[in-house]
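Pasting coords.txt here (compact mmCIF, C-alpha atoms):
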# COMPACT_ATOMS: atom_id res chain seq x y z
CA MET A 1 172.68 63.91 142.43
CA LEU A 2 169.36 62.41 141.32
CA ARG A 3 167.93 65.86 140.73
CA TYR A 4 170.97 66.77 138.57
CA ARG A 5 170.50 63.65 136.46
CA LYS A 6 166.81 64.50 135.84
CA LEU A 7 167.66 68.01 134.73
CA SER A 8 170.39 66.70 132.44
CA PHE A 9 167.97 64.21 130.95
CA LEU A 10 165.33 66.88 130.24
CA LEU A 11 167.95 69.15 128.74
CA CYS A 12 169.07 66.40 126.38
CA ILE A 13 165.48 65.82 125.30
CA LEU A 14 165.00 69.50 124.57
CA LEU A 15 168.22 69.66 122.58
CA CYS A 16 167.17 66.66 120.53
CA ILE A 17 163.72 68.13 119.91
CA THR A 18 165.29 71.43 118.89
CA PHE A 19 167.61 69.68 116.45
CA LEU A 20 164.82 67.49 115.03
CA LEU A 21 162.22 70.25 114.75
CA GLY A 22 164.46 72.84 113.17
CA MET A 23 164.81 76.45 114.07
CA ASN A 24 164.48 78.44 110.87
CA LYS A 25 161.26 79.57 109.16
CA PRO A 26 161.46 79.01 105.38
CA GLU A 27 160.78 81.88 103.03
CA ASN A 28 158.28 79.92 100.93
CA MET A 29 155.34 78.93 103.16
CA GLU A 30 153.63 76.83 100.49
CA GLY A 31 156.52 74.38 100.39
CA LYS A 32 156.60 73.99 104.15
CA LYS A 33 154.61 71.29 105.88
CA ILE A 34 152.35 72.11 108.77
CA PHE A 35 153.45 70.59 112.03
CA LYS A 36 151.87 67.37 113.22
CA ASN A 37 148.69 67.19 115.34
CA ILE A 38 147.33 70.53 114.06
CA SER A 39 143.80 70.55 112.64
CA VAL A 40 141.27 72.99 111.22
CA GLU A 41 137.65 72.33 112.18
CA ASN A 42 138.88 68.93 113.45
CA ILE A 43 140.28 68.05 110.01
CA ASP A 44 143.84 66.81 110.55
CA ILE A 45 146.23 68.80 108.36
CA GLY A 46 149.42 67.89 110.24
CA GLY A 47 152.25 66.99 107.87
CA LEU A 48 150.51 68.60 104.85
CA THR A 49 151.76 71.46 102.75
CA TYR A 50 149.71 74.64 102.43
CA LYS A 51 148.25 73.52 99.07
CA GLU A 52 147.53 70.02 100.33
CA ALA A 53 145.80 71.40 103.44
CA LEU A 54 143.79 73.87 101.36
CA LYS A 55 142.59 71.08 99.09
CA GLU A 56 141.66 68.89 102.07
CA ILE A 57 139.64 71.58 103.85
CA ASN A 58 137.85 72.60 100.63
CA LYS A 59 136.44 69.07 100.46
CA TYR A 60 134.32 69.90 103.49
CA TYR A 61 134.20 73.68 103.70
CA LYS A 62 133.71 75.62 100.52
CA GLU A 63 131.48 78.67 100.01
CA LYS A 64 128.31 77.58 98.22
CA ASP A 65 125.20 79.23 96.81
CA ILE A 66 122.24 79.54 99.16
CA ILE A 67 118.96 78.66 97.44
CA ILE A 68 115.78 80.19 98.90
CA ASN A 69 112.44 78.73 97.78
CA TYR A 70 108.85 79.89 98.05
CA ASP A 71 105.69 78.97 96.16
CA GLY A 72 107.42 77.83 92.97
CA LYS A 73 109.92 80.70 93.02
CA SER A 74 113.58 80.54 93.96
CA TRP A 75 116.34 83.02 94.66
CA THR A 76 120.07 82.26 94.55
CA LEU A 77 122.33 84.01 97.02
CA ARG A 78 125.89 83.68 95.72
CA PRO A 79 128.77 83.89 98.22
CA ASP A 80 130.35 86.81 96.37
CA GLU A 81 127.09 88.82 96.60
CA ILE A 82 127.49 89.08 100.36
CA GLU A 83 131.26 88.69 100.47
CA LEU A 84 130.90 85.36 102.25
CA SER A 85 134.18 83.78 103.31
CA TYR A 86 135.18 81.01 105.69
CA ASN A 87 138.66 82.57 105.82
CA ILE A 88 140.33 79.22 105.16
CA GLU A 89 143.59 80.85 104.06
CA LYS A 90 143.73 82.77 107.32
CA ALA A 91 143.16 79.57 109.30
CA LEU A 92 145.91 77.78 107.38
CA SER A 93 148.28 80.66 108.00
CA GLU A 94 147.43 80.43 111.69
CA ALA A 95 148.03 76.67 111.59
CA TYR A 96 151.47 77.14 110.07
CA ASP A 97 152.38 80.08 112.31
CA TYR A 98 151.39 78.19 115.45
CA THR A 99 154.85 76.62 115.61
CA GLU A 100 156.68 79.31 113.64
CA THR A 101 156.50 82.36 115.91
CA GLU A 102 159.33 84.87 116.35
CA ASN A 103 160.06 83.33 119.76
CA ARG A 104 162.12 80.18 119.28
CA PHE A 105 161.63 78.90 122.79
CA GLU A 106 157.82 79.34 122.40
CA ASN A 107 158.05 77.29 119.19
CA ILE A 108 159.89 74.50 121.02
CA LYS A 109 157.31 74.58 123.81
CA ARG A 110 154.41 74.32 121.34
CA LYS A 111 155.99 71.59 119.24
CA THR A 112 156.77 69.59 122.37
CA GLY A 113 153.18 69.99 123.48
CA LEU A 114 151.89 68.78 120.11
CA ILE A 115 154.18 65.74 120.20
CA PHE A 116 153.40 64.68 123.75
CA LYS A 117 150.00 66.17 124.56
CA GLY A 118 148.11 66.01 121.29
CA ASN A 119 145.96 68.10 118.97
CA HIS A 120 145.64 71.87 118.47
CA ASN A 121 142.38 72.69 116.62
CA ILE A 122 141.69 75.93 114.77
CA GLU A 123 138.13 77.02 114.00
CA LEU A 124 137.11 78.62 110.73
CA LYS A 125 135.57 82.03 111.33
CA ALA A 126 132.97 82.85 108.71
CA THR A 127 132.42 86.49 107.71
CA TYR A 128 129.95 88.24 105.42
CA ASN A 129 128.67 91.69 104.54
CA GLU A 130 125.59 92.36 106.68
CA THR A 131 124.46 95.32 104.58
CA LYS A 132 124.60 93.37 101.33
CA LEU A 133 122.63 90.50 102.89
CA SER A 134 119.97 92.97 104.06
CA ASN A 135 119.73 94.43 100.54
CA PHE A 136 119.31 90.95 99.06
CA ILE A 137 116.47 90.20 101.51
CA GLU A 138 114.81 93.56 100.81
CA ASN A 139 114.71 92.73 97.09
CA ILE A 140 112.92 89.47 97.89
CA CYS A 141 110.45 91.38 100.06
CA LYS A 142 109.62 93.68 97.14
CA GLU A 143 108.51 90.64 95.14
CA ILE A 144 106.56 88.89 97.89
CA ASP A 145 105.19 91.45 100.36
CA ILE A 146 101.57 92.44 99.81
CA SER A 147 99.98 95.04 102.08
CA VAL A 148 96.89 93.88 103.92
CA THR A 149 93.65 95.60 102.87
CA GLN A 150 91.22 96.35 105.65
CA ALA A 151 87.56 96.11 104.78
CA SER A 152 85.95 99.54 104.71
CA VAL A 153 82.47 100.95 104.62
CA GLU A 154 81.16 104.32 103.54
CA ILE A 155 77.60 105.47 104.11
CA LYS A 156 76.30 108.31 101.99
CA ASP A 157 73.94 110.99 103.28
CA SER A 158 71.24 109.18 101.32
CA GLY A 159 71.82 106.02 103.36
CA GLU A 160 73.52 104.12 100.52
CA ILE A 161 76.11 101.73 101.96
CA ILE A 162 79.29 101.20 99.94
CA ARG A 163 81.52 98.35 101.09
CA THR A 164 85.09 97.49 100.12
CA PRO A 165 86.12 93.89 100.89
CA SER A 166 89.22 92.98 102.86
CA LYS A 167 92.25 91.17 101.46
CA GLU A 168 94.92 89.30 103.38
CA GLY A 169 98.51 90.41 103.07
CA LYS A 170 101.87 88.67 102.86
CA GLU A 171 105.02 89.61 104.67
CA VAL A 172 108.47 88.05 104.52
CA GLN A 173 109.69 87.38 108.04
CA LYS A 174 112.95 89.20 107.50
CA ILE A 175 114.37 88.65 110.96
CA LYS A 176 113.82 84.89 110.81
CA LEU A 177 115.24 84.64 107.28
CA LYS A 178 118.32 86.58 108.32
CA GLU A 179 118.75 84.39 111.40
CA ASP A 180 118.43 81.21 109.32
CA ILE A 181 121.10 82.41 106.90
CA TYR A 182 123.32 83.59 109.74
CA ASN A 183 123.09 80.22 111.50
CA MET A 184 123.93 78.35 108.30
CA ILE A 185 126.96 80.54 107.72
CA CYS A 186 128.17 80.18 111.31
CA ASP A 187 127.61 76.41 111.28
CA LYS A 188 129.20 76.28 107.81
CA LYS A 189 126.42 73.98 106.64
CA ILE A 190 124.86 75.49 103.54
CA LYS A 191 121.52 74.10 102.38
CA SER A 192 118.34 75.24 100.67
CA LEU A 193 115.92 77.35 102.67
CA ASN A 194 112.18 77.77 102.55
CA LEU A 195 111.35 81.48 102.59
CA PRO A 196 109.48 82.27 105.84
CA VAL A 197 106.35 84.20 104.86
CA LYS A 198 103.68 85.37 107.28
CA ILE A 199 100.08 85.73 106.18
CA VAL A 200 98.73 89.02 107.56
CA ASN A 201 95.02 88.81 108.26
CA PRO A 202 92.92 92.00 108.22
CA THR A 203 91.61 93.22 111.55
CA ILE A 204 88.49 94.53 109.80
CA THR A 205 87.07 91.79 107.62
CA THR A 206 84.50 91.70 104.84
CA GLU A 207 82.22 89.81 107.21
CA ASP A 208 82.47 92.63 109.75
CA ILE A 209 81.27 95.35 107.40
CA GLN A 210 78.60 93.13 105.85
CA SER A 211 76.91 93.12 109.26
CA ILE A 212 76.29 96.90 109.08
CA ASN A 213 72.85 96.96 107.53
CA THR A 214 70.51 99.19 109.54
CA VAL A 215 70.16 102.30 111.71
CA LEU A 216 70.23 101.36 115.39
CA GLY A 217 69.41 104.86 116.61
CA GLN A 218 69.34 108.47 115.41
CA PHE A 219 68.76 111.95 116.77
CA SER A 220 68.52 115.47 115.36
CA THR A 221 68.91 119.01 116.69
CA SER A 222 68.58 122.37 114.93
CA PHE A 223 70.82 125.44 114.92
CA ASN A 224 71.52 128.71 113.14
CA GLU A 225 74.10 127.89 110.54
CA HIS A 226 74.72 131.51 109.51
CA ASN A 227 77.15 132.38 112.30
CA SER A 228 80.42 131.21 113.86
CA ARG A 229 78.63 128.69 116.07
CA GLY A 230 76.97 127.14 113.03
CA SER A 231 80.34 126.94 111.29
CA ASN A 232 81.79 125.10 114.29
CA ILE A 233 78.93 122.60 114.24
CA HIS A 234 79.73 121.83 110.60
CA VAL A 235 83.43 121.28 111.44
CA ALA A 236 82.77 119.12 114.52
CA GLY A 237 80.00 117.21 112.76
CA LYS A 238 82.36 116.28 109.94
CA SER A 239 85.28 115.31 112.19
CA THR A 240 83.12 112.91 114.23
CA SER A 241 81.31 111.40 111.24
CA ASP A 242 82.09 108.28 109.20
CA LYS A 243 83.67 106.55 112.17
CA LEU A 244 83.80 102.77 112.26
CA ILE A 245 83.80 101.51 115.85
CA MET A 246 84.74 97.86 116.19
CA PRO A 247 83.18 95.51 118.81
CA TYR A 248 83.91 96.64 122.37
CA GLU A 249 85.94 99.59 121.07
CA MET A 250 85.69 103.03 122.69
CA PHE A 251 84.64 106.22 120.94
CA SER A 252 86.07 109.47 122.36
CA TYR A 253 84.58 112.73 121.16
CA ASN A 254 87.66 114.77 122.07
CA LYS A 255 89.94 112.35 120.28
CA ALA A 256 87.78 112.50 117.16
CA THR A 257 87.65 116.30 116.99
CA GLY A 258 91.08 117.16 118.29
CA ALA A 259 91.68 120.57 119.85
CA ARG A 260 88.91 123.04 119.03
CA ASN A 261 91.12 125.87 117.82
CA TRP A 262 91.53 127.96 114.67
CA VAL A 263 94.20 125.58 113.34
CA ASN A 264 91.54 122.86 113.12
CA GLY A 265 88.99 125.22 111.59
CA TYR A 266 87.07 126.37 114.67
CA LYS A 267 85.92 129.92 115.33
CA SER A 268 85.13 131.88 118.46
CA ALA A 269 81.47 131.56 119.51
CA LYS A 270 79.26 131.51 122.59
CA VAL A 271 79.97 128.79 125.19
CA ILE A 272 78.61 128.17 128.69
CA ILE A 273 81.24 128.79 131.39
CA GLY A 274 80.31 129.13 135.06
CA GLY A 275 76.64 129.35 134.21
CA LYS A 276 77.10 132.20 131.75
CA TYR A 277 77.35 132.52 127.97
CA VAL A 278 80.73 133.88 126.97
CA ASN A 279 82.81 133.86 123.78
CA GLY A 280 85.17 130.94 123.49
CA GLU A 281 86.94 128.83 120.89
CA GLY A 282 84.79 126.10 119.42
CA GLY A 283 81.42 127.28 120.66
CA GLY A 284 78.76 124.91 119.33
CA VAL A 285 80.73 121.67 119.57
CA CYS A 286 78.65 120.61 122.56
CA GLN A 287 75.58 120.49 120.33
CA VAL A 288 77.33 117.94 118.15
CA SER A 289 78.41 115.83 121.15
CA THR A 290 74.87 116.07 122.53
CA THR A 291 73.34 114.95 119.23
CA ILE A 292 75.70 111.94 119.03
CA TYR A 293 75.01 111.20 122.72
CA ASN A 294 71.29 110.88 122.11
CA ALA A 295 71.84 108.68 119.06
CA ALA A 296 74.14 106.52 121.21
CA LEU A 297 71.50 106.30 123.92
CA LEU A 298 68.87 105.16 121.44
CA SER A 299 71.19 102.62 119.79
CA GLY A 300 72.09 100.89 123.05
CA MET A 301 75.71 102.11 123.36
CA ARG A 302 77.40 101.75 126.74
CA ILE A 303 77.95 105.30 127.99
CA GLU A 304 81.36 105.53 129.67
CA GLU A 305 81.63 109.28 130.26
CA VAL A 306 79.09 112.09 129.98
CA HIS A 307 78.73 115.50 131.65
CA ASN A 308 75.92 118.02 131.71
CA HIS A 309 76.17 121.80 131.33
CA THR A 310 75.72 124.06 134.34
CA MET A 311 72.64 125.46 132.59
CA PRO A 312 70.05 123.57 130.51
CA SER A 313 70.74 123.60 126.77
CA ARG A 314 68.27 125.24 124.40
CA TYR A 315 68.41 122.48 121.77
CA VAL A 316 67.74 119.39 123.92
CA PRO A 317 65.67 118.47 127.01
CA ARG A 318 67.30 118.54 130.45
CA GLY A 319 69.22 115.36 131.23
CA ARG A 320 69.98 114.73 127.56
CA ASP A 321 72.99 117.02 126.98
CA ALA A 322 76.69 116.10 126.74
CA ALA A 323 79.03 118.96 127.64
CA VAL A 324 82.63 118.65 126.47
CA SER A 325 85.79 120.66 127.03
CA TYR A 326 88.98 119.63 125.29
CA GLY A 327 91.57 118.44 127.80
CA TYR A 328 89.05 118.42 130.67
CA THR A 329 85.72 116.69 130.07
CA ASP A 330 84.96 114.21 127.31
CA PHE A 331 82.03 112.26 125.96
CA LYS A 332 82.82 108.57 125.56
CA PHE A 333 80.88 105.45 124.77
CA LYS A 334 81.75 101.83 124.05
CA ASN A 335 80.30 99.59 121.37
CA PRO A 336 78.80 96.73 123.45
CA TYR A 337 77.99 94.49 120.48
CA SER A 338 79.89 91.71 118.74
CA HIS A 339 79.40 93.61 115.45
CA PRO A 340 80.90 96.96 114.44
CA ILE A 341 78.91 100.18 114.37
CA TYR A 342 79.26 103.25 112.16
CA ILE A 343 78.63 106.89 113.12
CA LYS A 344 77.15 109.05 110.38
CA ASN A 345 76.49 112.76 110.92
CA ILE A 346 74.52 114.81 108.40
CA VAL A 347 74.80 118.58 108.81
CA SER A 348 72.54 120.51 106.45
CA ASN A 349 69.96 123.27 106.34
CA GLY A 350 70.33 124.30 109.97
CA ALA A 351 70.07 120.79 111.41
CA ILE A 352 72.48 118.06 112.50
CA THR A 353 71.36 114.45 112.47
CA SER A 354 73.50 111.74 113.98
CA LYS A 355 72.82 108.15 112.95
CA ILE A 356 74.45 105.07 114.39
CA TYR A 357 74.39 102.15 111.99
CA GLY A 358 74.94 98.55 113.00
CA CYS A 359 73.68 95.00 112.68
CA SER A 360 69.93 94.45 112.73
CA GLN A 361 70.48 91.58 115.17
CA ASP A 362 71.65 94.12 117.76
CA ARG A 363 68.72 96.51 117.46
CA GLU A 364 66.61 96.67 120.60
CA LYS A 365 63.31 98.32 121.37
CA LEU A 366 63.87 101.08 123.91
CA TYR A 367 63.16 104.64 124.90
CA ILE A 368 64.75 107.31 127.09
CA LYS A 369 62.99 108.81 130.09
CA THR A 370 64.01 111.48 132.58
CA GLU A 371 62.91 112.24 136.13
CA GLU A 372 63.35 115.72 137.64
CA LYS A 373 63.31 117.15 141.10
CA ILE A 374 64.39 120.43 142.64
CA GLU A 375 67.06 120.40 145.34
CA LYS A 376 67.66 123.87 146.82
CA THR A 377 69.55 125.76 144.10
CA HIS A 378 69.62 122.96 141.51
CA ILE A 379 67.40 120.93 139.28
CA VAL A 380 68.46 117.27 139.51
CA VAL A 381 67.61 115.12 136.50
CA LYS A 382 68.03 111.35 136.32
CA THR A 383 68.24 109.86 132.82
CA TYR A 384 67.10 106.28 132.27
CA ARG A 385 67.13 103.88 129.36
CA VAL A 386 64.11 101.57 129.28
CA TYR A 387 64.09 98.35 127.24
CA LEU A 388 60.87 96.81 125.91
CA ASP A 389 59.83 93.47 124.47
CA GLU A 390 57.83 93.02 121.27
CA GLU A 391 54.58 93.66 123.17
CA ASN A 392 56.00 96.91 124.63
CA ASN A 393 56.36 95.44 128.10
CA LYS A 394 59.28 96.74 130.10
CA ILE A 395 62.13 94.25 130.31
CA ARG A 396 64.65 96.28 132.24
CA GLU A 397 65.62 99.82 133.09
CA GLU A 398 69.06 101.34 133.63
CA LEU A 399 70.20 104.65 135.06
CA ILE A 400 72.49 106.37 132.57
CA ALA A 401 73.34 109.70 134.19
CA THR A 402 72.43 112.15 136.92
CA SER A 403 72.57 115.81 135.86
CA LYS A 404 72.48 118.96 137.98
CA TYR A 405 71.51 122.37 136.60
CA LYS A 406 71.57 125.70 138.39
CA LEU A 407 68.22 127.32 138.98
CA LYS A 408 67.92 130.72 137.35
With the file now loaded, output its structure as structure tokens.
Amino acid sequence: MLRYRKLSFLLCILLCITFLLGMNKPENMEGKKIFKNISVENIDIGGLTYKEALKEINKYYKEKDIIINYDGKSWTLRPDEIELSYNIEKALSEAYDYTETENRFENIKRKTGLIFKGNHNIELKATYNETKLSNFIENICKEIDISVTQASVEIKDSGEIIRTPSKEGKEVQKIKLKEDIYNMICDKKIKSLNLPVKIVNPTITTEDIQSINTVLGQFSTSFNEHNSRGSNIHVAGKSTSDKLIMPYEMFSYNKATGARNWVNGYKSAKVIIGGKYVNGEGGGVCQVSTTIYNAALLSGMRIEEVHNHTMPSRYVPRGRDAAVSYGYTDFKFKNPYSHPIYIKNIVSNGAITSKIYGCSQDREKLYIKTEEKIEKTHIVVKTYRVYLDEENNKIREELIATSKYKLK
């Protein structure tokens, strides 16, 4: 009996709510009031008509211009340029439709919930055209971005040093700018922005190249330039010349020359393979690597990789050659100084001279010595670098390489 009375009571309440709330959806939405306890972005619009609600929300949320400032300049991003919208009309339609669905019993359920349980809040969902925003930012970049200029140095065959100073660059931080605008749009809090600009510093500065003022070491070898081998020496000499090596940076001969094939200008000439002279692509390139090797030895470079031929070379003493084979053996050295160095090769009149320029503060007094001994079928040569003080007294000595040559 008690249970029947409770059900009857609830049924009466529902019938009263149904009668009071109404069942029919009017044709003209603008004249209809939004049901109570409904809000948009926590702005209460319950009991307001569509126009009244629109006016109320526009007090707080209205698309505005975005002003971007930098160094006395400003750019205005208008909402229509990127199709910015908070979709207020859509939110209001959702607010009205919340209690005006096609399902009458669902409408009663929702209205009852709003009366007894409280608020239903609808969030504004901002939208914009990503492509148009990117185009707007790119146009700003065209005005602001300045490419960084690395300092450069060129040394003529005469020894004249020509320097070009460095210049810092500017770069709009596009990702950060886009994120800042995106966050403002999502938060629906439009305000002025300072354009994020990054100063790009050169990695090779004017100060760096100013330090190159002297020859640290040089070495020359001679050759017959009227054949394929001589042609290859010209090509390899050019490809490994005018190289700026920064402090503690590695120089790789193979990387500088690339593959020694006809595509890169090399011809077939005599090379040493298995202790014999045979025709091969790029014959003569080892003379260039050897010449640079000796200049590197005399200029105090840290030798990281060097190999000798199976037979002594005709153009350099035993223990002083640097055999190379692309893809197999390389000649490498590292610049050990806190200043950059510059490799200059001069190939002319049957001779190649390799000079390594650097800072006079790094120049040391030294010489190269070799020690030979015969071991069964080989001549073993140890190559040393000896450092001297101003009075020519030995300071230290270091072993650079151990070479083995076949006895004839």
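With only C-alpha atoms as the atoms that count, the minimum distance from Thr402 in chain A to the choices A:Gly327, A:Gly358, A:Gly319, A:Pro340 is reached by A:Gly319.
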Have a look at A:Ile162, A:Val172, A:Ile115, A:Ile137 and name the one nearest to Thr206 in chain A; count all atoms listed in the file.
-> A:Ile162
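Note that CA of Ala91 in chain A and CA of Asn183 in chain A are 20.2 Å apart.
Checking A:Ile68, A:Glu304, A:Asn213, A:Tyr384 one by one against Ser360 in chain A, counting only C-alpha atoms, you find the shortest gap at A:Asn213.
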Tell me, in Å to one decimal, how far CA of His120 in chain A is from CA of Ile43 in chain A.
->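 Between CA of His120 in chain A and CA of Ile43 in chain A the gap is 10.7 Å.
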What is the distance between CA of Ser299 in chain A and CA of Leu399 in chain A, in Å to one decimal?
-> 15.4 Å
Taking all atoms of range 181-192 of chain A that appear in the file, build a box with edges along x, y and z, extend it by 6 Å on every side, and state its centre and edge lengths in Å to one decimal, as lines of an AutoDock Vina configuration file.
center_x = 123.8
center_y = 78.8
center_z = 106.1
size_x = 22.9
size_y = 21.6
size_z = 22.8
Do a neighbour search on range 185-198 of chain A at 10 Å with all atoms listed in the file, toss out local chain neighbours closer than 5 positions, and write the hits as a PyMOL selection string.
-> chain A and resi 60-71+73-76+84-86+124-128+140-141+144-145+169-177+179-180
Env of Pro202 in chain A: 7 Å cut, atoms = all atoms listed in the file, seq-sep filter 3 positions within chain, self excluded. Answer as a PDB file with C-alpha atoms, in the frame of the given file.
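Contents of result10.pdb, freshly written:
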ATOM      1  CA  VAL A 148      96.890  93.880 103.920  1.00  0.00           C
ATOM      2  CA  THR A 149      93.650  95.600 102.870  1.00  0.00           C
ATOM      3  CA  GLN A 150      91.220  96.350 105.650  1.00  0.00           C
ATOM      4  CA  SER A 166      89.220  92.980 102.860  1.00  0.00           C
ATOM      5  CA  LYS A 167      92.250  91.170 101.460  1.00  0.00           C
ATOM      6  CA  GLU A 168      94.920  89.300 103.380  1.00  0.00           C
ATOM      7  CA  THR A 205      87.070  91.790 107.620  1.00  0.00           C
TER       8      THR A 205
END
A:Glu102, A:Arg163, A:Asp389, A:Asp321: which is nearest Ser211 in chain A, counting all atoms listed in the file?
->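 Looking at the shortest contact to Ser211 in chain A, the residue is A:Arg163.
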At a cut-off of 12 Å from (70.7, 129.3, 114.1) in the coordinates of the file, what residues are picked up using only C-alpha atoms, written as a PDB file with C-alpha atoms, keeping the file's coordinate frame?
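Full text of out_2.pdb as output:
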ATOM      1  CA  THR A 221      68.910 119.010 116.690  1.00  0.00           C
ATOM      2  CA  SER A 222      68.580 122.370 114.930  1.00  0.00           C
ATOM      3  CA  PHE A 223      70.820 125.440 114.920  1.00  0.00           C
ATOM      4  CA  ASN A 224      71.520 128.710 113.140  1.00  0.00           C
ATOM      5  CA  GLU A 225      74.100 127.890 110.540  1.00  0.00           C
ATOM      6  CA  HIS A 226      74.720 131.510 109.510  1.00  0.00           C
ATOM      7  CA  ASN A 227      77.150 132.380 112.300  1.00  0.00           C
ATOM      8  CA  SER A 228      80.420 131.210 113.860  1.00  0.00           C
ATOM      9  CA  ARG A 229      78.630 128.690 116.070  1.00  0.00           C
ATOM     10  CA  GLY A 230      76.970 127.140 113.030  1.00  0.00           C
ATOM     11  CA  SER A 231      80.340 126.940 111.290  1.00  0.00           C
ATOM     12  CA  ASN A 232      81.790 125.100 114.290  1.00  0.00           C
ATOM     13  CA  ILE A 233      78.930 122.600 114.240  1.00  0.00           C
ATOM     14  CA  GLY A 284      78.760 124.910 119.330  1.00  0.00           C
ATOM     15  CA  GLN A 287      75.580 120.490 120.330  1.00  0.00           C
ATOM     16  CA  ARG A 314      68.270 125.240 124.400  1.00  0.00           C
ATOM     17  CA  TYR A 315      68.410 122.480 121.770  1.00  0.00           C
ATOM     18  CA  SER A 348      72.540 120.510 106.450  1.00  0.00           C
ATOM     19  CA  ASN A 349      69.960 123.270 106.340  1.00  0.00           C
ATOM     20  CA  GLY A 350      70.330 124.300 109.970  1.00  0.00           C
ATOM     21  CA  ALA A 351      70.070 120.790 111.410  1.00  0.00           C
ATOM     22  CA  ILE A 352      72.480 118.060 112.500  1.00  0.00           C
TER      23      ILE A 352
END
Render range 49-61 of chain A from the structure in the preceding block as a file of N, CA, C and O atoms, as an mmCIF file, in the first residue's frame.
data_model
loop_
_atom_site.group_PDB
_atom_site.id
_atom_site.type_symbol
_atom_site.label_atom_id
_atom_site.label_comp_id
_atom_site.auth_asym_id
_atom_site.auth_seq_id
_atom_site.Cartn_x
_atom_site.Cartn_y
_atom_site.Cartn_z
ATOM 1 N N THR A 49 15.784 34.644 -24.123
ATOM 2 C CA THR A 49 15.527 34.295 -25.520
ATOM 3 C C THR A 49 16.859 34.132 -26.235
ATOM 4 O O THR A 49 17.915 34.465 -25.697
ATOM 5 N N TYR A 50 16.783 33.645 -27.473
ATOM 6 C CA TYR A 50 18.003 33.447 -28.271
ATOM 7 C C TYR A 50 18.775 34.761 -28.407
ATOM 8 O O TYR A 50 19.987 34.820 -28.175
ATOM 9 N N LYS A 51 18.060 35.852 -28.759
ATOM 10 C CA LYS A 51 18.731 37.147 -28.948
ATOM 11 C C LYS A 51 19.304 37.667 -27.652
ATOM 12 O O LYS A 51 20.403 38.235 -27.618
ATOM 13 N N GLU A 52 18.553 37.497 -26.564
ATOM 14 C CA GLU A 52 19.040 37.962 -25.258
ATOM 15 C C GLU A 52 20.289 37.184 -24.842
ATOM 16 O O GLU A 52 21.248 37.753 -24.317
ATOM 17 N N ALA A 53 20.270 35.872 -25.075
ATOM 18 C CA ALA A 53 21.429 35.035 -24.725
ATOM 19 C C ALA A 53 22.643 35.394 -25.579
ATOM 20 O O ALA A 53 23.772 35.451 -25.088
ATOM 21 N N LEU A 54 22.386 35.650 -26.882
ATOM 22 C CA LEU A 54 23.485 36.013 -27.779
ATOM 23 C C LEU A 54 24.140 37.314 -27.320
ATOM 24 O O LEU A 54 25.373 37.439 -27.300
ATOM 25 N N LYS A 55 23.329 38.272 -26.959
ATOM 26 C CA LYS A 55 23.843 39.560 -26.485
ATOM 27 C C LYS A 55 24.644 39.389 -25.202
ATOM 28 O O LYS A 55 25.704 39.999 -25.030
ATOM 29 N N GLU A 56 24.167 38.535 -24.307
ATOM 30 C CA GLU A 56 24.837 38.320 -23.022
ATOM 31 C C GLU A 56 26.205 37.659 -23.217
ATOM 32 O O GLU A 56 27.202 38.084 -22.622
ATOM 33 N N ILE A 57 26.252 36.645 -24.065
ATOM 34 C CA ILE A 57 27.528 35.939 -24.274
ATOM 35 C C ILE A 57 28.521 36.821 -25.001
ATOM 36 O O ILE A 57 29.730 36.789 -24.740
ATOM 37 N N ASN A 58 28.049 37.630 -25.940
ATOM 38 C CA ASN A 58 28.943 38.534 -26.691
ATOM 39 C C ASN A 58 29.618 39.574 -25.801
ATOM 40 O O ASN A 58 30.627 40.168 -26.192
ATOM 41 N N LYS A 59 29.058 39.798 -24.604
ATOM 42 C CA LYS A 59 29.708 40.724 -23.670
ATOM 43 C C LYS A 59 31.075 40.184 -23.246
ATOM 44 O O LYS A 59 32.002 40.932 -22.968
ATOM 45 N N TYR A 60 31.158 38.862 -23.190
ATOM 46 C CA TYR A 60 32.377 38.220 -22.685
ATOM 47 C C TYR A 60 33.181 37.514 -23.781
ATOM 48 O O TYR A 60 34.413 37.445 -23.708
ATOM 49 N N TYR A 61 32.483 36.993 -24.764
ATOM 50 C CA TYR A 61 33.154 36.208 -25.801
ATOM 51 C C TYR A 61 32.769 36.727 -27.179
ATOM 52 O O TYR A 61 31.696 36.407 -27.695
#
